[in-house]
$ cat target06.tsv   # TSV, C-alpha atoms and all ligand atoms
chain	number	residue	atom	x	y	z
A	87	MET	CA	3.64	19.27	5.63
A	88	ARG	CA	1.09	16.47	5.39
A	89	ILE	CA	2.89	13.19	4.94
A	90	ALA	CA	1.12	9.85	4.52
A	91	VAL	CA	2.56	6.37	4.48
A	92	PHE	CA	0.86	4.01	2.02
A	93	PRO	CA	1.90	0.59	3.34
A	94	GLY	CA	1.32	-2.70	1.57
A	95	SER	CA	2.77	-5.82	0.09
A	96	PHE	CA	2.35	-4.45	-3.46
A	97	ASP	CA	3.12	-7.83	-4.91
A	98	PRO	CA	2.71	-6.58	-7.55
A	99	PHE	CA	1.75	-2.89	-7.48
A	100	THR	CA	-1.45	-2.70	-9.56
A	101	ILE	CA	-3.46	0.05	-11.24
A	102	GLY	CA	-5.70	-0.12	-8.16
A	103	HIS	CA	-2.76	0.86	-5.94
A	104	ALA	CA	-1.71	3.55	-8.43
A	105	ASP	CA	-5.20	5.04	-8.26
A	106	ILE	CA	-4.95	5.30	-4.46
A	107	VAL	CA	-1.59	7.10	-4.78
A	108	ARG	CA	-2.98	9.46	-7.45
A	109	ARG	CA	-5.95	10.36	-5.27
A	110	GLY	CA	-3.82	10.52	-2.14
A	111	LEU	CA	-1.64	13.17	-3.77
A	112	GLN	CA	-4.69	15.43	-3.80
A	113	LEU	CA	-4.89	15.09	-0.01
A	114	PHE	CA	-1.25	14.91	1.09
A	115	ASP	CA	1.93	16.82	0.29
A	116	ARG	CA	3.98	13.66	0.25
A	117	ILE	CA	3.27	9.94	0.10
A	118	VAL	CA	5.71	7.29	1.23
A	119	VAL	CA	4.88	4.01	-0.52
A	120	ALA	CA	6.18	1.45	1.96
A	121	VAL	CA	6.72	-2.08	0.75
A	122	GLY	CA	6.47	-4.41	3.70
A	123	PHE	CA	6.30	-8.03	4.59
A	124	ASN	CA	2.80	-9.20	5.49
A	125	ALA	CA	3.09	-11.73	8.33
A	126	GLN	CA	-0.40	-13.06	7.51
A	127	LYS	CA	0.55	-14.14	4.02
A	128	THR	CA	1.70	-17.73	3.72
A	129	ALA	CA	4.70	-19.25	2.00
A	130	ALA	CA	2.33	-20.42	-0.77
A	131	ASP	CA	1.22	-16.83	-1.31
A	132	GLU	CA	4.85	-15.80	-1.62
A	133	ARG	CA	5.74	-18.54	-4.14
A	134	HIS	CA	5.52	-16.28	-7.17
A	135	ALA	CA	6.48	-13.18	-5.29
A	136	ALA	CA	9.01	-10.67	-6.51
A	137	SER	CA	11.59	-9.77	-3.88
A	138	VAL	CA	10.93	-6.68	-1.80
A	139	ASP	CA	13.87	-4.91	-3.49
A	140	GLU	CA	12.48	-5.72	-6.94
A	141	ARG	CA	9.08	-4.36	-5.91
A	142	VAL	CA	10.63	-1.15	-4.55
A	143	ALA	CA	12.61	-0.67	-7.77
A	144	ALA	CA	9.54	-1.28	-9.96
A	145	ILE	CA	7.37	1.18	-8.00
A	146	ALA	CA	10.15	3.80	-7.88
A	147	ARG	CA	10.35	3.61	-11.71
A	148	ILE	CA	6.63	4.43	-11.96
A	149	TYR	CA	7.11	7.56	-9.80
A	150	LYS	CA	10.52	8.64	-11.07
A	151	ASP	CA	9.04	11.96	-12.25
A	152	GLU	CA	6.89	12.54	-9.16
A	153	PRO	CA	9.09	14.02	-6.40
A	154	ARG	CA	6.19	13.90	-3.92
A	155	VAL	CA	6.25	10.09	-3.91
A	156	LYS	CA	9.00	8.21	-2.11
A	157	VAL	CA	9.29	4.43	-2.18
A	158	VAL	CA	10.88	2.47	0.66
A	159	SER	CA	10.93	-1.05	2.04
A	160	TYR	CA	10.48	-1.79	5.71
A	161	SER	CA	10.45	-4.69	8.09
A	162	CYS	CA	9.33	-2.98	11.30
A	163	LEU	CA	5.86	-2.04	12.50
A	164	THR	CA	4.09	0.46	10.29
A	165	VAL	CA	3.80	2.90	13.23
A	166	ASP	CA	7.57	2.89	13.61
A	167	LEU	CA	8.10	3.48	9.89
A	168	ALA	CA	5.60	6.36	10.02
A	169	ALA	CA	7.41	7.95	12.98
A	170	GLN	CA	10.71	7.58	11.12
A	171	GLU	CA	9.24	9.27	8.02
A	172	GLY	CA	7.52	12.03	10.02
A	173	ALA	CA	4.13	10.84	8.73
A	174	HIS	CA	0.95	11.41	10.70
A	175	PHE	CA	-1.32	9.58	8.27
A	176	LEU	CA	-1.74	6.10	6.91
A	177	LEU	CA	-3.31	5.81	3.48
A	178	ARG	CA	-5.17	2.62	2.59
A	179	GLY	CA	-7.71	1.49	0.00
A	180	VAL	CA	-10.98	-0.31	0.62
A	181	ARG	CA	-12.45	-2.57	-2.07
A	182	SER	CA	-15.03	-4.52	-0.13
A	183	VAL	CA	-16.67	-5.22	3.21
A	184	LYS	CA	-13.91	-7.75	3.84
A	185	ASP	CA	-11.25	-5.07	3.28
A	186	PHE	CA	-13.22	-2.68	5.45
A	187	GLU	CA	-13.28	-4.97	8.49
A	188	TYR	CA	-9.57	-5.67	8.19
A	189	GLU	CA	-8.74	-1.98	7.72
A	190	ARG	CA	-10.93	-0.93	10.65
A	191	ASP	CA	-9.03	-3.22	13.03
A	192	LEU	CA	-5.65	-2.14	11.64
A	193	ALA	CA	-6.61	1.53	11.93
A	194	ALA	CA	-7.64	1.09	15.56
A	195	VAL	CA	-4.39	-0.64	16.49
A	196	ASN	CA	-2.25	1.86	14.59
A	197	ALA	CA	-4.04	4.72	16.33
A	198	GLU	CA	-3.41	3.35	19.81
A	199	ILE	CA	0.08	1.84	19.80
A	200	PRO	CA	2.88	4.30	20.40
A	201	PRO	CA	5.96	4.04	18.18
A	202	ALA	CA	9.00	2.28	19.68
A	203	PHE	CA	10.88	5.56	19.91
A	204	PRO	CA	9.25	8.78	21.10
A	205	ALA	CA	7.67	10.75	18.29
A	206	GLU	CA	6.38	14.30	18.69
A	207	ASP	CA	2.79	13.20	18.79
A	208	ALA	CA	1.74	9.58	18.72
A	209	GLY	CA	-1.49	8.33	17.18
A	210	LEU	CA	-1.70	7.72	13.48
A	211	GLU	CA	-4.80	8.76	11.59
A	212	THR	CA	-5.79	6.27	8.90
A	213	VAL	CA	-7.41	7.66	5.77
A	214	LEU	CA	-9.35	5.07	3.78
A	215	LEU	CA	-10.17	5.72	0.16
A	216	ILE	CA	-13.00	3.75	-1.41
A	217	ALA	CA	-11.68	1.83	-4.42
A	218	ASP	CA	-12.74	3.16	-7.79
A	219	PRO	CA	-15.33	0.65	-9.09
A	220	ARG	CA	-13.21	0.26	-12.25
A	221	TYR	CA	-10.41	-1.23	-10.15
A	222	ALA	CA	-12.16	-2.70	-7.12
A	223	HIS	CA	-11.93	-6.28	-8.44
A	224	ILE	CA	-8.18	-6.09	-8.95
A	225	SER	CA	-5.99	-7.74	-6.35
A	226	SER	CA	-2.29	-8.53	-6.36
A	227	SER	CA	-3.06	-12.17	-5.58
A	228	VAL	CA	-5.21	-12.58	-8.71
A	229	VAL	CA	-2.54	-10.88	-10.81
A	230	ARG	CA	0.10	-13.25	-9.37
A	231	GLU	CA	-2.08	-16.26	-10.11
A	232	LEU	CA	-2.59	-15.20	-13.75
A	233	GLN	CA	1.15	-14.53	-14.07
A	234	ALA	CA	1.93	-17.98	-12.69
A	235	TYR	CA	-0.07	-19.48	-15.58
A	236	GLY	CA	1.70	-17.33	-18.12
A	237	ARG	CA	-1.17	-14.92	-18.81
A	238	ASP	CA	-0.67	-11.32	-19.90
A	239	VAL	CA	-1.36	-9.08	-16.91
A	240	THR	CA	-0.10	-5.79	-18.33
A	241	SER	CA	-3.58	-4.25	-18.31
A	242	TYR	CA	-3.60	-4.58	-14.48
A	243	LEU	CA	-0.20	-2.96	-14.02
A	244	PRO	CA	0.62	0.75	-14.22
B	301	LIG	P1	-1.60	-5.69	2.30
B	301	LIG	O1	-0.86	-6.96	2.22
B	301	LIG	O2	-1.10	-4.76	3.36
B	301	LIG	O3	-3.10	-5.81	2.29
B	301	LIG	P2	-1.75	-4.91	-0.50
B	301	LIG	O4	-0.57	-4.63	-1.36
B	301	LIG	O5	-2.56	-6.09	-0.83
B	301	LIG	O6	-1.16	-4.95	0.96
B	301	LIG	O7	-2.69	-3.63	-0.46
B	301	LIG	C1	-2.25	-2.39	0.01
B	301	LIG	C2	-3.44	-1.46	0.16
B	301	LIG	O8	-4.00	-1.20	-1.13
B	301	LIG	C3	-4.58	-2.05	1.00
B	301	LIG	O9	-5.17	-1.01	1.74
B	301	LIG	C4	-5.54	-2.56	-0.04
B	301	LIG	O10	-6.87	-2.59	0.45
B	301	LIG	C5	-5.38	-1.52	-1.12
B	301	LIG	N1	-5.73	-2.03	-2.44
B	301	LIG	C6	-5.33	-3.18	-3.02
B	301	LIG	N2	-5.86	-3.32	-4.24
B	301	LIG	C7	-6.63	-2.24	-4.45
B	301	LIG	C8	-7.48	-1.80	-5.53
B	301	LIG	N3	-7.65	-2.53	-6.62
B	301	LIG	N4	-8.13	-0.61	-5.39
B	301	LIG	C9	-7.97	0.12	-4.26
B	301	LIG	N5	-7.21	-0.23	-3.20
B	301	LIG	C10	-6.55	-1.39	-3.29
$ encode --input "target06.tsv" --output "structure tokens"
Amino acid sequence: MRIAVFPGSFDPFTIGHADIVRRGLQLFDRIVVAVGFNAQKTAADERHAASVDERVAAIARIYKDEPRVKVVSYSCLTVDLAAQEGAHFLLRGVRSVKDFEYERDLAAVNAEIPPAFPAEDAGLETVLLIADPRYAHISSSVVRELQAYGRDVTSYLP
């Protein structure tokens, strides 16, 4: 069974994220969408944020008829969550060179740090999908900003 964790802040979960899940389901038997807390995001970023539980509930509603997608929240390292879920893969999306450099460093760290508790085989493989050009400009932060000014963002949300 090929299980991938798709970790992110998903604040909110956009049509860009949904496209990564859709394409990921062609590669993996199961995808665990894991809503986490990003330590690099500041309090200002979080100002308009939905709570983690609200995000999990909203994403779970989108996939209520897709048994191959599970939605969880987590507050540990992604490698530990992956070990817990029996996942050997991390799924991520790449929109730009900036994303690429960030993802490359994350992938290297996630490949070399062992999980806190012994898993069968350590070393997570990261699979990066290139963003569809139709969605590559969409980011959760831009959607949050538009929402904060009362704009309609439904076309960015699945
Ligand atoms: P994080 O805070 O971990 O970067 P995000 O929720 O912003 O979490 O993003 C989760 C993953 O989805 C990241 O790999 C990001 O590059 C990817 N992603 C975000 N927006 C898009 C998009 N529009 N198209 C494809 N991938 C995307």
$ residues_near_ligand --input "target06.tsv" --ligand "ligand LIG 301 (chain B)" --cutoff "10 Å" --atoms "only C-alpha atoms and all ligand atoms" --output "PDB file with C-alpha atoms, in the coordinates of the input"
ATOM      1  CA  PHE A  92       0.860   4.010   2.020  1.00  0.00           C
ATOM      2  CA  PRO A  93       1.900   0.590   3.340  1.00  0.00           C
ATOM      3  CA  GLY A  94       1.320  -2.700   1.570  1.00  0.00           C
ATOM      4  CA  SER A  95       2.770  -5.820   0.090  1.00  0.00           C
ATOM      5  CA  PHE A  96       2.350  -4.450  -3.460  1.00  0.00           C
ATOM      6  CA  ASP A  97       3.120  -7.830  -4.910  1.00  0.00           C
ATOM      7  CA  PRO A  98       2.710  -6.580  -7.550  1.00  0.00           C
ATOM      8  CA  PHE A  99       1.750  -2.890  -7.480  1.00  0.00           C
ATOM      9  CA  THR A 100      -1.450  -2.700  -9.560  1.00  0.00           C
ATOM     10  CA  ILE A 101      -3.460   0.050 -11.240  1.00  0.00           C
ATOM     11  CA  GLY A 102      -5.700  -0.120  -8.160  1.00  0.00           C
ATOM     12  CA  HIS A 103      -2.760   0.860  -5.940  1.00  0.00           C
ATOM     13  CA  ALA A 104      -1.710   3.550  -8.430  1.00  0.00           C
ATOM     14  CA  ASP A 105      -5.200   5.040  -8.260  1.00  0.00           C
ATOM     15  CA  ILE A 106      -4.950   5.300  -4.460  1.00  0.00           C
ATOM     16  CA  VAL A 107      -1.590   7.100  -4.780  1.00  0.00           C
ATOM     17  CA  VAL A 119       4.880   4.010  -0.520  1.00  0.00           C
ATOM     18  CA  ALA A 120       6.180   1.450   1.960  1.00  0.00           C
ATOM     19  CA  VAL A 121       6.720  -2.080   0.750  1.00  0.00           C
ATOM     20  CA  GLY A 122       6.470  -4.410   3.700  1.00  0.00           C
ATOM     21  CA  PHE A 123       6.300  -8.030   4.590  1.00  0.00           C
ATOM     22  CA  ASN A 124       2.800  -9.200   5.490  1.00  0.00           C
ATOM     23  CA  ALA A 125       3.090 -11.730   8.330  1.00  0.00           C
ATOM     24  CA  GLN A 126      -0.400 -13.060   7.510  1.00  0.00           C
ATOM     25  CA  LYS A 127       0.550 -14.140   4.020  1.00  0.00           C
ATOM     26  CA  LEU A 176      -1.740   6.100   6.910  1.00  0.00           C
ATOM     27  CA  LEU A 177      -3.310   5.810   3.480  1.00  0.00           C
ATOM     28  CA  ARG A 178      -5.170   2.620   2.590  1.00  0.00           C
ATOM     29  CA  GLY A 179      -7.710   1.490   0.000  1.00  0.00           C
ATOM     30  CA  VAL A 180     -10.980  -0.310   0.620  1.00  0.00           C
ATOM     31  CA  ARG A 181     -12.450  -2.570  -2.070  1.00  0.00           C
ATOM     32  CA  SER A 182     -15.030  -4.520  -0.130  1.00  0.00           C
ATOM     33  CA  LYS A 184     -13.910  -7.750   3.840  1.00  0.00           C
ATOM     34  CA  ASP A 185     -11.250  -5.070   3.280  1.00  0.00           C
ATOM     35  CA  PHE A 186     -13.220  -2.680   5.450  1.00  0.00           C
ATOM     36  CA  TYR A 188      -9.570  -5.670   8.190  1.00  0.00           C
ATOM     37  CA  GLU A 189      -8.740  -1.980   7.720  1.00  0.00           C
ATOM     38  CA  LEU A 192      -5.650  -2.140  11.640  1.00  0.00           C
ATOM     39  CA  VAL A 213      -7.410   7.660   5.770  1.00  0.00           C
ATOM     40  CA  LEU A 214      -9.350   5.070   3.780  1.00  0.00           C
ATOM     41  CA  LEU A 215     -10.170   5.720   0.160  1.00  0.00           C
ATOM     42  CA  ILE A 216     -13.000   3.750  -1.410  1.00  0.00           C
ATOM     43  CA  ALA A 217     -11.680   1.830  -4.420  1.00  0.00           C
ATOM     44  CA  ASP A 218     -12.740   3.160  -7.790  1.00  0.00           C
ATOM     45  CA  PRO A 219     -15.330   0.650  -9.090  1.00  0.00           C
ATOM     46  CA  ARG A 220     -13.210   0.260 -12.250  1.00  0.00           C
ATOM     47  CA  TYR A 221     -10.410  -1.230 -10.150  1.00  0.00           C
ATOM     48  CA  ALA A 222     -12.160  -2.700  -7.120  1.00  0.00           C
ATOM     49  CA  HIS A 223     -11.930  -6.280  -8.440  1.00  0.00           C
ATOM     50  CA  ILE A 224      -8.180  -6.090  -8.950  1.00  0.00           C
ATOM     51  CA  SER A 225      -5.990  -7.740  -6.350  1.00  0.00           C
ATOM     52  CA  SER A 226      -2.290  -8.530  -6.360  1.00  0.00           C
ATOM     53  CA  SER A 227      -3.060 -12.170  -5.580  1.00  0.00           C
ATOM     54  CA  TYR A 242      -3.600  -4.580 -14.480  1.00  0.00           C
TER      55      TYR A 242
END
$ residues_around --input "target06.tsv" --residues "Ala194 in chain A" --least-positions-apart "2" --cutoff "10 Å" --atoms "all atoms listed in the file" --output "VMD selection string"
chain A and resid 189 to 192 196 to 199 209 to 212
$ closest_residue --input "target06.tsv" --among "A:Pro244, A:Met87, A:Tyr235, A:Ala193" --to "Glu171 in chain A" --atoms "only C-alpha atoms"
A:Met87
$ closest_residue --input "target06.tsv" --among "A:Val158, A:Leu163, A:Gly172, A:Tyr149" --to "Arg88 in chain A" --atoms "only C-alpha atoms"
A:Gly172
$ atom_distance --input "target06.tsv" --atom1 "CA of Val138 in chain A" --atom2 "CA of Arg237 in chain A"
22.4 Å
$ closest_residue --input "target06.tsv" --among "A:Leu243, A:Ala144, A:Leu232, A:Ile117" --to "Ala173 in chain A" --atoms "only C-alpha atoms"
A:Ile117
$ closest_residue --input "target06.tsv" --among "A:Ser159, A:Ile148, A:Ala90, A:Thr240" --to "Gly110 in chain A" --atoms "all atoms listed in the file"
A:Ala90
$ closest_residue --input "target06.tsv" --among "A:Val157, A:Cys162, A:Ile89, A:Val228" --to "Arg141 in chain A" --atoms "only C-alpha atoms"
A:Val157
$ axis_aligned_box --input "target06.tsv" --around "range 152-159 of chain A" --padding-each-side "3 Å" --output "lines of an AutoDock Vina configuration file"
center_x = 8.6
center_y = 6.5
center_z = -3.6
size_x = 10.7
size_y = 21.1
size_z = 17.2
$ closest_atom_pairs --input "target06.tsv" --of "range 150-222 of chain A" --to "range 111-116 of chain A" --cutoff "8 Å" --atoms "only C-alpha atoms" --output "JSON lines"
{"residue": "A:Arg154", "atom": "CA", "partner": "A:Arg116", "partner_atom": "CA", "distance": 4.7}
{"residue": "A:Val155", "atom": "CA", "partner": "A:Arg116", "partner_atom": "CA", "distance": 5.9}
{"residue": "A:Lys156", "atom": "CA", "partner": "A:Arg116", "partner_atom": "CA", "distance": 7.8}
$ closest_residue --input "target06.tsv" --among "A:Thr164, A:Val239, A:Phe203, A:Val118" --to "Ile145 in chain A" --atoms "only C-alpha atoms"
A:Val118
$ atom_distance --input "target06.tsv" --atom1 "CA of Asp139 in chain A" --atom2 "CA of Ser161 in chain A"
12.1 Å
$ build_atoms --input "target06.tsv" --residues "range 137-148 of chain A" --atoms "all heavy atoms" --output "short mmCIF file (atom, residue, chain, number, x, y, z; two decimals), keeping the file's coordinate frame"
data_model
loop_
_atom_site.label_atom_id
_atom_site.label_comp_id
_atom_site.auth_asym_id
_atom_site.auth_seq_id
_atom_site.Cartn_x
_atom_site.Cartn_y
_atom_site.Cartn_z
N SER A 137 10.97 -10.14 -5.14
CA SER A 137 11.59 -9.77 -3.88
C SER A 137 11.18 -8.34 -3.53
O SER A 137 10.75 -7.58 -4.40
CB SER A 137 13.11 -9.86 -4.00
OG SER A 137 13.59 -8.74 -4.71
N VAL A 138 11.31 -8.02 -2.25
CA VAL A 138 10.93 -6.68 -1.80
C VAL A 138 11.73 -5.63 -2.56
O VAL A 138 11.18 -4.62 -3.01
CB VAL A 138 11.12 -6.56 -0.27
CG1 VAL A 138 11.01 -5.10 0.17
CG2 VAL A 138 10.08 -7.41 0.46
N ASP A 139 13.04 -5.89 -2.76
CA ASP A 139 13.87 -4.91 -3.49
C ASP A 139 13.39 -4.72 -4.92
O ASP A 139 13.39 -3.61 -5.45
CB ASP A 139 15.35 -5.35 -3.49
CG ASP A 139 15.97 -5.22 -2.11
OD1 ASP A 139 15.37 -4.54 -1.26
OD2 ASP A 139 17.05 -5.81 -1.90
N GLU A 140 12.99 -5.83 -5.57
CA GLU A 140 12.48 -5.72 -6.94
C GLU A 140 11.19 -4.90 -6.98
O GLU A 140 10.97 -4.09 -7.88
CB GLU A 140 12.19 -7.12 -7.52
CG GLU A 140 13.44 -7.87 -7.91
CD GLU A 140 13.19 -9.37 -8.16
OE1 GLU A 140 12.11 -9.90 -7.80
OE2 GLU A 140 14.09 -10.01 -8.72
N ARG A 141 10.35 -5.12 -5.96
CA ARG A 141 9.08 -4.36 -5.91
C ARG A 141 9.36 -2.87 -5.71
O ARG A 141 8.75 -2.04 -6.37
CB ARG A 141 8.22 -4.86 -4.75
CG ARG A 141 7.47 -6.13 -5.08
CD ARG A 141 6.71 -6.60 -3.87
NE ARG A 141 7.25 -7.86 -3.41
CZ ARG A 141 6.96 -8.43 -2.24
NH1 ARG A 141 6.17 -7.83 -1.38
NH2 ARG A 141 7.47 -9.58 -1.93
N VAL A 142 10.29 -2.56 -4.80
CA VAL A 142 10.63 -1.15 -4.55
C VAL A 142 11.13 -0.51 -5.85
O VAL A 142 10.70 0.58 -6.22
CB VAL A 142 11.68 -1.02 -3.42
CG1 VAL A 142 12.25 0.39 -3.36
CG2 VAL A 142 11.06 -1.40 -2.08
N ALA A 143 12.02 -1.22 -6.54
CA ALA A 143 12.61 -0.67 -7.77
C ALA A 143 11.51 -0.44 -8.82
O ALA A 143 11.49 0.60 -9.49
CB ALA A 143 13.69 -1.60 -8.30
N ALA A 144 10.60 -1.40 -8.94
CA ALA A 144 9.54 -1.28 -9.96
C ALA A 144 8.62 -0.10 -9.65
O ALA A 144 8.24 0.66 -10.55
CB ALA A 144 8.74 -2.58 -10.03
N ILE A 145 8.27 0.08 -8.37
CA ILE A 145 7.37 1.18 -8.00
C ILE A 145 8.09 2.51 -8.15
O ILE A 145 7.52 3.49 -8.63
CB ILE A 145 6.82 0.99 -6.57
CG1 ILE A 145 6.09 -0.36 -6.45
CG2 ILE A 145 5.87 2.13 -6.20
CD1 ILE A 145 5.78 -0.79 -5.02
N ALA A 146 9.37 2.55 -7.77
CA ALA A 146 10.15 3.80 -7.88
C ALA A 146 10.22 4.23 -9.35
O ALA A 146 10.20 5.43 -9.65
CB ALA A 146 11.54 3.60 -7.30
N ARG A 147 10.31 3.26 -10.26
CA ARG A 147 10.35 3.61 -11.71
C ARG A 147 9.06 4.31 -12.12
O ARG A 147 9.08 5.27 -12.88
CB ARG A 147 10.54 2.34 -12.55
CG ARG A 147 11.99 2.06 -12.90
CD ARG A 147 12.14 1.09 -14.07
NE ARG A 147 11.44 -0.18 -13.87
CZ ARG A 147 11.95 -1.20 -13.18
NH1 ARG A 147 13.13 -1.09 -12.61
NH2 ARG A 147 11.26 -2.32 -13.04
N ILE A 148 7.92 3.82 -11.60
CA ILE A 148 6.63 4.43 -11.96
C ILE A 148 6.58 5.89 -11.53
O ILE A 148 6.03 6.74 -12.24
CB ILE A 148 5.47 3.65 -11.28
CG1 ILE A 148 5.45 2.20 -11.76
CG2 ILE A 148 4.12 4.34 -11.53
CD1 ILE A 148 4.57 1.28 -10.92
#
